[in-house]
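> query.cif is the file, holding mmCIF, C-alpha atoms and all ligand atoms:
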data_entry
loop_
_atom_site.label_atom_id
_atom_site.label_comp_id
_atom_site.auth_asym_id
_atom_site.auth_seq_id
_atom_site.Cartn_x
_atom_site.Cartn_y
_atom_site.Cartn_z
CA MET A 600 -51.14 17.57 -26.71
CA SER A 601 -54.82 16.81 -27.54
CA GLU A 602 -56.79 18.87 -30.07
CA SER A 603 -59.12 20.14 -27.36
CA GLN A 604 -56.20 21.55 -25.38
CA ASN A 605 -54.99 23.41 -28.48
CA ASN A 606 -58.38 25.03 -29.05
CA VAL A 607 -59.08 26.60 -25.72
CA GLU A 608 -57.01 27.80 -22.84
CA GLY A 609 -57.37 26.28 -19.42
CA THR A 610 -59.74 23.52 -18.43
CA TYR A 611 -61.87 22.00 -21.18
CA TYR A 612 -65.41 20.75 -20.34
CA GLY A 613 -65.06 17.29 -21.88
CA ASP A 614 -61.60 16.70 -20.43
CA TYR A 615 -62.57 17.82 -16.95
CA LEU A 616 -65.52 15.42 -16.93
CA GLN A 617 -63.58 12.70 -18.77
CA LEU A 618 -66.52 12.36 -21.08
CA GLU A 619 -64.63 10.42 -23.70
CA LYS A 620 -64.10 7.67 -21.14
CA LEU A 621 -67.53 7.96 -19.55
CA LEU A 622 -69.50 7.96 -22.79
CA ASP A 623 -67.57 5.03 -24.14
CA THR A 624 -68.81 2.65 -21.47
CA GLN A 625 -72.14 1.54 -22.97
CA SER A 626 -71.65 -1.79 -24.71
CA PRO A 627 -74.92 -3.64 -25.29
CA MET A 628 -74.45 -7.40 -25.10
CA SER A 629 -76.91 -7.83 -27.98
CA ALA A 630 -74.69 -5.65 -30.23
CA LYS A 631 -71.65 -7.74 -29.36
CA LEU A 632 -73.59 -10.82 -30.44
CA GLY A 633 -74.54 -9.15 -33.73
CA ASN A 634 -78.25 -8.41 -33.13
CA GLU A 635 -78.44 -5.09 -31.29
CA GLN A 636 -81.62 -4.52 -29.30
CA HIS A 637 -82.58 -0.85 -29.20
CA ASP A 638 -83.71 -0.78 -25.54
CA GLU A 639 -80.59 -2.37 -24.13
CA THR A 640 -78.85 1.04 -24.28
CA LEU A 641 -81.56 2.50 -22.04
CA PHE A 642 -81.19 -0.45 -19.66
CA ILE A 643 -77.43 0.13 -19.39
CA ILE A 644 -77.61 3.91 -19.04
CA VAL A 645 -80.30 3.80 -16.32
CA HIS A 646 -78.18 1.35 -14.30
CA GLN A 647 -75.03 3.41 -14.81
CA VAL A 648 -76.75 6.60 -13.70
CA TYR A 649 -77.93 4.76 -10.58
CA GLU A 650 -74.38 3.68 -9.83
CA LEU A 651 -73.12 7.26 -10.21
CA TRP A 652 -75.71 8.51 -7.75
CA PHE A 653 -74.90 5.61 -5.40
CA LYS A 654 -71.30 6.85 -5.51
CA GLN A 655 -72.46 10.32 -4.45
CA ILE A 656 -74.61 8.89 -1.64
CA ILE A 657 -71.66 6.85 -0.38
CA HIS A 658 -69.48 9.99 -0.52
CA GLU A 659 -72.02 11.81 1.69
CA MET A 660 -72.36 8.83 4.03
CA HIS A 661 -68.61 8.53 4.53
CA SER A 662 -68.53 12.17 5.59
CA LEU A 663 -71.31 11.50 8.12
CA VAL A 664 -69.36 8.55 9.52
CA GLU A 665 -66.34 10.81 9.87
CA ILE A 666 -68.26 13.55 11.69
CA PHE A 667 -69.97 11.14 14.06
CA SER A 668 -66.72 9.32 14.79
CA GLU A 669 -65.43 12.40 16.60
CA LYS A 670 -65.65 12.48 20.39
CA SER A 671 -68.28 15.22 20.31
CA VAL A 672 -70.33 16.58 17.41
CA ASP A 673 -70.51 20.34 17.74
CA ASP A 674 -73.59 22.31 16.68
CA HIS A 675 -72.42 23.66 13.35
CA LYS A 676 -71.30 20.17 12.29
CA LEU A 677 -74.82 18.98 12.99
CA GLY A 678 -75.94 21.64 10.48
CA THR A 679 -73.60 20.06 7.90
CA VAL A 680 -74.97 16.61 8.71
CA VAL A 681 -78.55 17.82 8.22
CA ALA A 682 -77.64 19.46 4.89
CA ARG A 683 -75.97 16.26 3.65
CA LEU A 684 -78.83 14.04 4.72
CA GLU A 685 -81.17 16.39 2.88
CA ARG A 686 -79.00 16.00 -0.22
CA ILE A 687 -79.13 12.21 0.05
CA ASN A 688 -82.88 12.36 0.33
CA ARG A 689 -83.18 14.56 -2.79
CA ILE A 690 -81.03 12.08 -4.72
CA GLN A 691 -83.28 9.28 -3.55
CA GLN A 692 -86.25 11.14 -5.00
CA LEU A 693 -84.44 11.31 -8.36
CA LEU A 694 -83.69 7.60 -8.17
CA MET A 695 -87.35 6.83 -7.72
CA GLY A 696 -88.22 8.84 -10.85
CA GLN A 697 -85.71 6.89 -12.91
CA LEU A 698 -87.81 3.75 -12.58
CA ASP A 699 -90.49 5.58 -14.61
CA VAL A 700 -87.91 6.02 -17.39
CA MET A 701 -86.96 2.34 -17.15
CA GLU A 702 -90.61 1.38 -17.52
CA THR A 703 -90.84 3.05 -20.94
CA MET A 704 -89.20 -0.24 -21.99
CA THR A 705 -91.94 -2.87 -22.39
CA PRO A 706 -91.61 -6.38 -20.94
CA MET A 707 -91.41 -7.85 -24.46
CA ASP A 708 -88.59 -5.49 -25.43
CA PHE A 709 -86.79 -6.51 -22.23
CA LEU A 710 -87.24 -10.19 -23.08
CA GLU A 711 -85.33 -9.63 -26.34
CA PHE A 712 -82.06 -9.32 -24.41
CA ARG A 713 -82.78 -10.39 -20.80
CA ASP A 714 -81.41 -13.92 -21.13
CA LEU A 715 -78.08 -12.54 -22.34
CA LEU A 716 -77.54 -10.99 -18.89
CA VAL A 717 -77.80 -14.17 -16.77
CA PRO A 718 -76.39 -14.57 -14.10
CA ALA A 719 -75.64 -10.80 -13.69
CA SER A 720 -78.16 -9.11 -11.40
CA GLY A 721 -78.79 -6.15 -9.10
CA PHE A 722 -77.65 -8.56 -6.36
CA GLN A 723 -74.16 -7.73 -7.54
CA SER A 724 -74.43 -3.97 -7.07
CA ALA A 725 -71.60 -3.65 -4.56
CA GLN A 726 -72.37 0.04 -4.07
CA PHE A 727 -76.02 -0.69 -3.18
CA ARG A 728 -74.73 -3.16 -0.60
CA GLU A 729 -72.25 -0.61 0.69
CA ILE A 730 -75.08 1.88 1.25
CA GLU A 731 -77.05 -0.76 3.17
CA ILE A 732 -74.01 -1.54 5.33
CA LEU A 733 -73.14 2.11 5.96
CA MET A 734 -76.73 2.78 7.03
CA GLY A 735 -76.45 -0.05 9.54
CA LEU A 736 -77.91 -3.19 7.96
CA ARG A 737 -75.67 -5.98 9.19
CA THR A 738 -75.27 -9.34 7.46
CA SER A 739 -76.44 -10.98 10.68
CA ASP A 740 -79.67 -8.90 10.55
CA ARG A 741 -80.62 -10.29 7.15
CA LYS A 742 -83.03 -13.17 6.69
CA ALA A 743 -81.29 -16.44 5.71
CA VAL A 744 -82.29 -16.30 2.04
CA ASP A 745 -81.27 -12.67 1.78
CA ARG A 746 -77.92 -13.40 3.47
CA GLU A 747 -77.23 -16.23 1.06
CA TYR A 748 -77.86 -14.00 -1.98
CA PHE A 749 -75.90 -11.17 -0.41
CA LEU A 750 -72.78 -13.26 0.20
CA GLY A 751 -73.18 -15.76 -2.59
CA ARG A 752 -73.65 -13.60 -5.68
CA LEU A 753 -70.69 -11.24 -5.29
CA ASN A 754 -67.20 -11.92 -6.61
CA THR A 755 -64.46 -12.44 -4.02
CA LYS A 756 -63.04 -8.92 -4.35
CA ASP A 757 -66.42 -7.19 -3.78
CA ARG A 758 -67.41 -9.55 -0.99
CA GLU A 759 -64.16 -9.11 0.93
CA ARG A 760 -64.27 -5.32 0.51
CA LEU A 761 -67.83 -5.21 1.86
CA GLN A 762 -66.98 -7.49 4.76
CA GLU A 763 -64.16 -5.10 5.67
CA ILE A 764 -66.56 -2.12 5.59
CA GLU A 765 -68.94 -4.02 7.83
CA LYS A 766 -66.26 -4.31 10.50
CA ARG A 767 -66.26 -0.50 10.91
CA PRO A 768 -69.00 1.33 12.81
CA SER A 769 -72.11 2.11 10.75
CA ILE A 770 -74.12 5.35 10.83
CA LEU A 771 -76.70 3.61 13.04
CA GLU A 772 -74.08 2.61 15.60
CA LEU A 773 -72.44 6.03 15.63
CA VAL A 774 -75.78 7.80 15.97
CA GLU A 775 -76.62 5.46 18.84
CA LYS A 776 -73.50 6.62 20.69
CA TRP A 777 -74.34 10.25 19.89
CA LEU A 778 -77.88 9.84 21.20
CA GLU A 779 -76.54 8.23 24.37
CA ARG A 780 -74.48 11.36 24.99
CA VAL A 781 -77.44 13.77 24.67
CA PRO A 782 -77.65 15.55 28.04
CA PHE A 783 -80.78 17.06 29.65
CA THR A 784 -82.89 14.08 30.70
CA GLU A 785 -81.25 13.64 34.07
CA ASP A 786 -79.57 15.92 36.55
CA ALA A 787 -79.19 15.93 40.32
CA THR A 788 -82.56 17.59 40.92
CA PHE A 789 -84.74 16.22 38.16
CA ASN A 790 -85.35 12.85 36.50
CA PHE A 791 -87.41 13.47 33.40
CA TRP A 792 -88.48 9.84 33.05
CA ASP A 793 -90.17 9.81 36.47
CA GLU A 794 -92.24 12.79 35.34
CA TYR A 795 -92.98 11.23 31.96
CA LYS A 796 -94.10 7.98 33.61
CA LYS A 797 -96.49 9.85 35.92
CA THR A 798 -98.00 11.67 32.92
CA VAL A 799 -98.40 8.48 30.89
CA TYR A 800 -100.02 6.62 33.79
CA SER A 801 -102.45 9.42 34.50
CA MET A 802 -103.32 9.50 30.76
CA LEU A 803 -103.91 5.75 30.74
CA ASP A 804 -106.04 6.01 33.94
CA GLN A 805 -108.17 8.62 32.23
CA ASP A 806 -108.53 6.34 29.19
CA GLU A 807 -109.71 3.55 31.47
CA GLN A 808 -112.30 5.78 33.08
CA THR A 809 -113.59 6.81 29.64
CA ILE A 810 -113.84 3.16 28.56
CA ARG A 811 -115.72 2.20 31.71
CA LYS A 812 -118.08 5.17 31.31
CA ASN A 813 -118.90 4.14 27.73
CA ALA A 814 -119.35 0.48 28.70
CA ALA A 815 -122.91 1.08 29.91
CA GLN A 816 -123.88 2.09 26.38
CA MET A 817 -121.61 -0.26 24.38
CA GLY A 818 -121.96 -3.49 26.42
CA GLU A 819 -119.72 -5.98 28.25
CA LYS A 820 -118.01 -7.32 25.11
CA TYR A 821 -116.88 -3.81 24.21
CA LEU A 822 -115.56 -3.30 27.73
CA ALA A 823 -113.47 -6.49 27.62
CA ILE A 824 -111.92 -5.69 24.19
CA GLN A 825 -111.14 -2.10 25.08
CA LEU A 826 -109.59 -3.03 28.44
CA GLU A 827 -107.47 -5.64 26.71
CA ASN A 828 -106.26 -3.02 24.18
CA LEU A 829 -105.49 -0.64 27.01
CA GLU A 830 -103.51 -3.35 28.80
CA SER A 831 -101.35 -3.94 25.73
CA THR A 832 -100.74 -0.18 25.43
CA LYS A 833 -99.58 -0.23 29.08
CA GLU A 834 -97.30 -3.18 28.39
CA ASN A 835 -95.82 -1.29 25.45
CA PHE A 836 -95.00 1.69 27.63
CA GLU A 837 -93.44 -0.71 30.15
CA THR A 838 -91.06 -1.97 27.47
CA LEU A 839 -89.81 1.56 26.99
CA LEU A 840 -88.73 2.10 30.56
CA SER A 841 -87.82 -1.42 31.66
CA PRO A 842 -84.22 -2.48 30.89
CA GLU A 843 -85.23 -6.17 31.02
CA GLU A 844 -88.06 -5.78 28.51
CA HIS A 845 -85.83 -3.72 26.25
CA LYS A 846 -83.17 -6.43 26.37
CA LYS A 847 -85.73 -9.07 25.38
CA LEU A 848 -86.87 -7.02 22.36
CA LYS A 849 -83.28 -6.47 21.30
CA GLU A 850 -82.57 -10.18 21.48
CA GLN A 851 -85.63 -10.82 19.29
CA GLY A 852 -84.28 -8.28 16.77
CA LYS A 853 -87.26 -5.99 17.32
CA ARG A 854 -85.08 -3.12 18.56
CA LYS A 855 -81.63 -2.14 17.41
CA LEU A 856 -80.72 0.94 19.46
CA SER A 857 -79.78 0.85 23.13
CA GLN A 858 -82.47 1.81 25.64
CA LYS A 859 -80.65 5.02 26.53
CA ALA A 860 -80.42 6.05 22.87
CA ILE A 861 -84.14 5.38 22.35
CA LEU A 862 -85.10 7.35 25.45
CA ASN A 863 -82.97 10.32 24.42
CA ALA A 864 -84.38 10.21 20.88
CA LEU A 865 -87.85 10.24 22.41
CA PHE A 866 -86.94 13.25 24.56
CA ILE A 867 -85.75 15.10 21.44
CA SER A 868 -89.00 14.22 19.66
CA LEU A 869 -91.18 15.31 22.60
CA TYR A 870 -89.39 18.63 23.13
CA ARG A 871 -88.61 19.30 19.45
CA ASP A 872 -89.88 22.88 19.78
CA GLU A 873 -87.18 23.83 22.29
CA PRO A 874 -84.56 25.87 20.42
CA ILE A 875 -81.59 23.60 21.12
CA LEU A 876 -83.48 20.48 20.13
CA GLN A 877 -84.80 21.76 16.79
CA GLN A 878 -81.71 20.74 14.80
CA PRO A 879 -81.36 17.31 16.48
CA TYR A 880 -85.03 16.72 15.71
CA ARG A 881 -84.54 17.66 12.04
CA PHE A 882 -81.64 15.23 11.99
CA LEU A 883 -83.74 12.34 13.38
CA LYS A 884 -86.55 13.18 10.97
CA LEU A 885 -84.14 13.06 8.01
CA MET A 886 -82.79 9.68 9.15
CA MET A 887 -86.38 8.43 8.95
CA ASP A 888 -86.92 10.10 5.56
CA ILE A 889 -83.90 8.28 4.19
CA ASP A 890 -85.00 4.91 5.55
CA GLN A 891 -88.50 5.57 4.18
CA SER A 892 -87.26 6.58 0.71
CA PHE A 893 -85.01 3.55 0.56
CA THR A 894 -87.90 1.25 1.50
CA ALA A 895 -90.28 3.00 -0.91
CA TRP A 896 -87.71 2.46 -3.68
CA ARG A 897 -87.47 -1.23 -2.82
CA TYR A 898 -91.27 -1.63 -3.09
CA ARG A 899 -91.41 0.37 -6.31
CA HIS A 900 -88.57 -1.69 -7.79
CA ALA A 901 -90.37 -4.90 -6.72
CA LEU A 902 -93.49 -3.70 -8.57
CA MET A 903 -91.41 -2.93 -11.64
CA ALA A 904 -89.90 -6.41 -11.52
CA GLN A 905 -93.43 -7.86 -11.35
CA ARG A 906 -94.54 -5.73 -14.29
CA MET A 907 -91.53 -6.83 -16.37
CA LEU A 908 -91.34 -10.47 -15.31
CA GLY A 909 -94.71 -11.48 -13.80
CA THR A 910 -93.81 -14.53 -11.74
CA LYS A 911 -90.64 -15.38 -13.69
CA ILE A 912 -87.46 -15.67 -11.61
CA GLY A 913 -84.80 -12.93 -11.67
CA THR A 914 -81.56 -13.12 -13.67
CA GLY A 915 -79.79 -13.61 -10.32
CA GLY A 916 -81.99 -16.65 -9.60
CA SER A 917 -84.30 -15.31 -6.87
CA SER A 918 -88.10 -15.68 -6.92
CA GLY A 919 -88.13 -12.14 -8.37
CA HIS A 920 -91.05 -9.95 -7.24
CA GLN A 921 -91.78 -12.00 -4.12
CA TYR A 922 -88.14 -11.94 -2.96
CA LEU A 923 -87.89 -8.18 -3.51
CA LYS A 924 -91.14 -7.49 -1.64
CA ASN A 925 -89.91 -9.51 1.36
CA ALA A 926 -86.54 -7.73 1.24
CA ALA A 927 -88.38 -4.39 1.43
CA ASP A 928 -90.32 -5.57 4.50
CA ASN A 929 -87.35 -7.11 6.27
CA ASN A 930 -84.54 -4.63 5.70
CA ARG A 931 -85.69 -1.54 7.56
CA VAL A 932 -82.75 0.03 9.38
CA TYR A 933 -84.10 2.93 11.44
CA LEU A 934 -87.34 1.30 12.58
CA ASP A 935 -86.65 2.29 16.21
CA LEU A 936 -87.06 5.94 15.21
CA PHE A 937 -90.41 5.25 13.51
CA ASN A 938 -91.58 3.33 16.57
CA LEU A 939 -90.98 6.35 18.80
CA SER A 940 -94.43 7.54 17.74
CA THR A 941 -95.87 4.79 19.96
CA PHE A 942 -94.60 6.74 22.96
CA LEU A 943 -95.47 10.29 21.98
CA ILE A 944 -98.02 12.12 24.12
CA PRO A 945 -100.07 15.24 23.31
CA ARG A 946 -98.11 18.52 23.53
CA SER A 947 -100.65 19.79 26.08
CA LYS A 948 -99.71 16.92 28.44
CA LEU A 949 -95.92 17.25 28.22
CA PRO A 950 -94.34 17.44 31.69
CA GLN A 951 -93.26 20.98 32.52
CA LEU A 952 -89.46 21.12 32.57
CA PRO A 953 -87.82 22.87 35.53
CA GLY A 954 -86.55 26.41 34.96
CA VAL A 955 -82.86 25.47 35.00
CA MET A 956 -83.41 22.93 32.28
CA ARG A 957 -85.50 25.29 30.15
CA GLU A 958 -82.61 27.75 30.40
CA LYS A 959 -80.24 25.09 29.06
CA LEU A 960 -82.55 24.30 26.15
CA ASN A 961 -82.87 27.89 24.98
CA PHE A 962 -80.73 30.14 22.86
CA HIS A 963 -79.90 33.29 24.76
CA PHE A 964 -80.43 36.24 22.48
CA ASN A 965 -80.51 38.83 25.22
CA ILE A 966 -81.41 42.43 24.40
CA GLN A 967 -78.34 44.57 25.05
CA ASN A 968 -78.88 47.70 27.07
C1 LIG A 1001 -86.02 -4.11 -16.22
C2 LIG A 1001 -85.60 -3.59 -15.09
C3 LIG A 1001 -85.33 -4.41 -13.86
C4 LIG A 1001 -85.80 -5.63 -13.50
C5 LIG A 1001 -86.78 -6.52 -14.24
C6 LIG A 1001 -85.20 -5.96 -12.21
C7 LIG A 1001 -85.41 -7.13 -11.52
C8 LIG A 1001 -84.75 -7.51 -10.39
C9 LIG A 1001 -84.90 -8.77 -9.73
C10 LIG A 1001 -85.84 -9.88 -10.16
C11 LIG A 1001 -84.07 -8.79 -8.66
C12 LIG A 1001 -83.87 -9.91 -7.65
C13 LIG A 1001 -82.56 -10.56 -7.88
C14 LIG A 1001 -82.56 -11.49 -9.05
O1 LIG A 1001 -83.10 -12.60 -8.94
O2 LIG A 1001 -82.00 -11.10 -10.09
C15 LIG A 1001 -83.40 -7.51 -8.63
C16 LIG A 1001 -82.51 -7.13 -7.65
C17 LIG A 1001 -81.98 -5.88 -7.58
N1 LIG A 1001 -82.09 -4.88 -8.51
FE1 LIG A 1001 -83.26 -4.88 -10.15
N2 LIG A 1001 -84.40 -4.93 -11.83
C18 LIG A 1001 -84.45 -3.95 -12.78
C19 LIG A 1001 -83.80 -2.75 -12.77
C20 LIG A 1001 -83.02 -2.31 -11.75
C21 LIG A 1001 -82.40 -1.00 -11.69
C22 LIG A 1001 -82.56 0.12 -12.72
C23 LIG A 1001 -81.66 -0.97 -10.56
C24 LIG A 1001 -80.84 0.17 -10.11
C25 LIG A 1001 -79.65 0.03 -9.63
C26 LIG A 1001 -81.81 -2.25 -9.89
C27 LIG A 1001 -81.20 -2.62 -8.71
C28 LIG A 1001 -81.37 -3.82 -8.07
C29 LIG A 1001 -80.78 -4.14 -6.79
C30 LIG A 1001 -79.92 -3.22 -5.94
C31 LIG A 1001 -81.16 -5.42 -6.49
C32 LIG A 1001 -80.83 -6.20 -5.21
C33 LIG A 1001 -81.96 -5.92 -4.22
C34 LIG A 1001 -81.91 -6.73 -2.93
O3 LIG A 1001 -81.31 -7.81 -2.89
O4 LIG A 1001 -82.52 -6.28 -1.95
N3 LIG A 1001 -82.64 -3.02 -10.64
N4 LIG A 1001 -83.83 -6.75 -9.70
#
Write the structure described by the file as structure tokens, please.
Ligand code: HEM


Amino acid sequence: MSESQNNVEGTYYGDYLQLEKLLDTQSPMSAKLGNEQHDETLFIIVHQVYELWFKQIIHEMHSLVEIFSEKSVDDHKLGTVVARLERINRIQQLLMGQLDVMETMTPMDFLEFRDLLVPASGFQSAQFREIEILMGLRTSDRKAVDREYFLGRLNTKDRERLQEIEKRPSILELVEKWLERVPFTEDATFNFWDEYKKTVYSMLDQDEQTIRKNAAQMGEKYLAIQLENLESTKENFETLLSPEEHKKLKEQGKRKLSQKAILNALFISLYRDEPILQQPYRFLKLMMDIDQSFTAWRYRHALMAQRMLGTKIGTGGSSGHQYLKNAADNNRVYLDLFNLSTFLIPRSKLPQLPGVMREKLNFHFNIQN
């Protein structure tokens, strides 16, 4: 029996948290080689803390996959989903702050031990990759250079495990199916999208009239540019409602979600104030927050790499800052949700929903007599 178990009854803090094991896992390479560099401990601890938080994020994401894999997601489960997404987002904020701690190490202090790490690199963070995959970033979506680093820098065990995970549905795919099941936009008596189209076209007609009215003052060149802009806005709206245009954009990789899922997400965003849609809207907003925080971290990490390395290459052999900046631009997962803003219209112009539908969208807290 250990000494700690003799001293106190029941669970002991250090045993419960297995601190002996945990705190014995910092082994600076420089110390092993007989010339310990003070800042290498910070470098190791910051990375380890990241990996612990990645583990927590993955734990939350697995639970989301489980909930969305069910045939239908009932309302109180959506509350759990929202709470867990909020937790992930808070963790992401912590992760951002940890780069400030990392940067208390100067580039010259880093150089004292950096070469000892080659070829190890963040490329080999299997948990970071797992988060990307769970969110919905597929290997086939990656740019060629990114794909090569992704597959090429991992050991066989990690690579095969990740490839297995990628075969299962991601959060993006499950949310797509959930969005496709959202009711409300069509019933026997009412097709919302016909109404929406009428509203958009009357808005665009009004815009054209305003442009033409101002042309007398602003001149012919102004008229041509403005009409051209208006035409491209019209074309954009067309892509929303036309299955053929949507298909083209999907083939070009510019859209990921199905047309039905995008339309239903737009409906939720437009009628977010209706009681039943408030929680789904919070959910979509949090999905965007998470994508945004992830991307913001990528940019911030790219800046840190530039500050530490200038234009030197990374320990994993990439171009360093430039590679990381491109990866931040190219690896957005929930861009379709951000792009919904293109199709929003002012609240004052929202088509009036028929009474039956308004009934369905409301909670019914009736006063009891
Ligand atoms: C001195 C601090 C750091 C520097 C200079 C640095 C630099 C780099 C560089 C240059 C790369 C590109 C791959 C390569 O060529 O090695 C990279 C990738 C990466 N780093 Fe860091 N890094 C630092 C700290 C961190 C920390 C604290 C984390 C937290 C886990 C991290 C996570 C990653 C990840 C996940 C990648 C892969 C990103 C991708 O492929 O999109 N790095 N890092």

> Ligand LIG 1001 (chain A): which residues are within 6 Å, counting only C-alpha atoms and all ligand atoms, as a list in words?

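Here is the list of contacting residues: Val645, His646, Tyr649, Ser720, Gly721, Phe722, Ser724, Phe727, Ala904, Met907, Ile912, Gly913, Thr914, Gly915, Gly916, Ser917, Gly919, His920, Leu923 and Ala926 of chain A.
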
> Tell me which of A:Gln697, A:Ser629, A:Thr784, A:Ser671 sits closest to Ile644 (chain A), counting all atoms listed in the file.

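Between A:Gln697, A:Ser629, A:Thr784, A:Ser671, the residue approaching Ile644 (chain A) most closely is A:Gln697.
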
> If we draw a sphere of 12 Å around (-87.5, -4.2, 21.3), which residues have at least one atom in it when counting all atoms listed in the file? Please report them as a ChimeraX atom specification.

/A:835-858,861,934-936,938-939

> Which of these residues is nearest to Leu865 (chain A), using only C-alpha atoms: A:Leu632, A:Leu698, A:Leu778, A:Leu621?

A:Leu778

> Using all atoms listed in the file, which of the listed residues (A:Gln636, A:Asn925, A:Asn961, A:Gln726) sits closest to Arg760 (chain A)?

A:Gln726

> Between CA of Arg906 (chain A) and CA of Glu702 (chain A), what is the distance, to one decimal in Å?

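Result for CA of Arg906 (chain A) versus CA of Glu702 (chain A): 8.7 Å, one decimal.
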
> For Leu750 (chain A), please output as a ChimeraX atom specification all residues within 10 Å (counting all atoms listed in the file; exclusion window: fewer than 4 positions along the same chain).

/A:722-723,738,745-746,754-755,757-759,761-762

> Suppose you want the space between CA of Gln691 (chain A) and CA of Ser626 (chain A); what is it in Å?

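Separating CA of Gln691 (chain A) from CA of Ser626 (chain A) is a distance of 26.6 Å.
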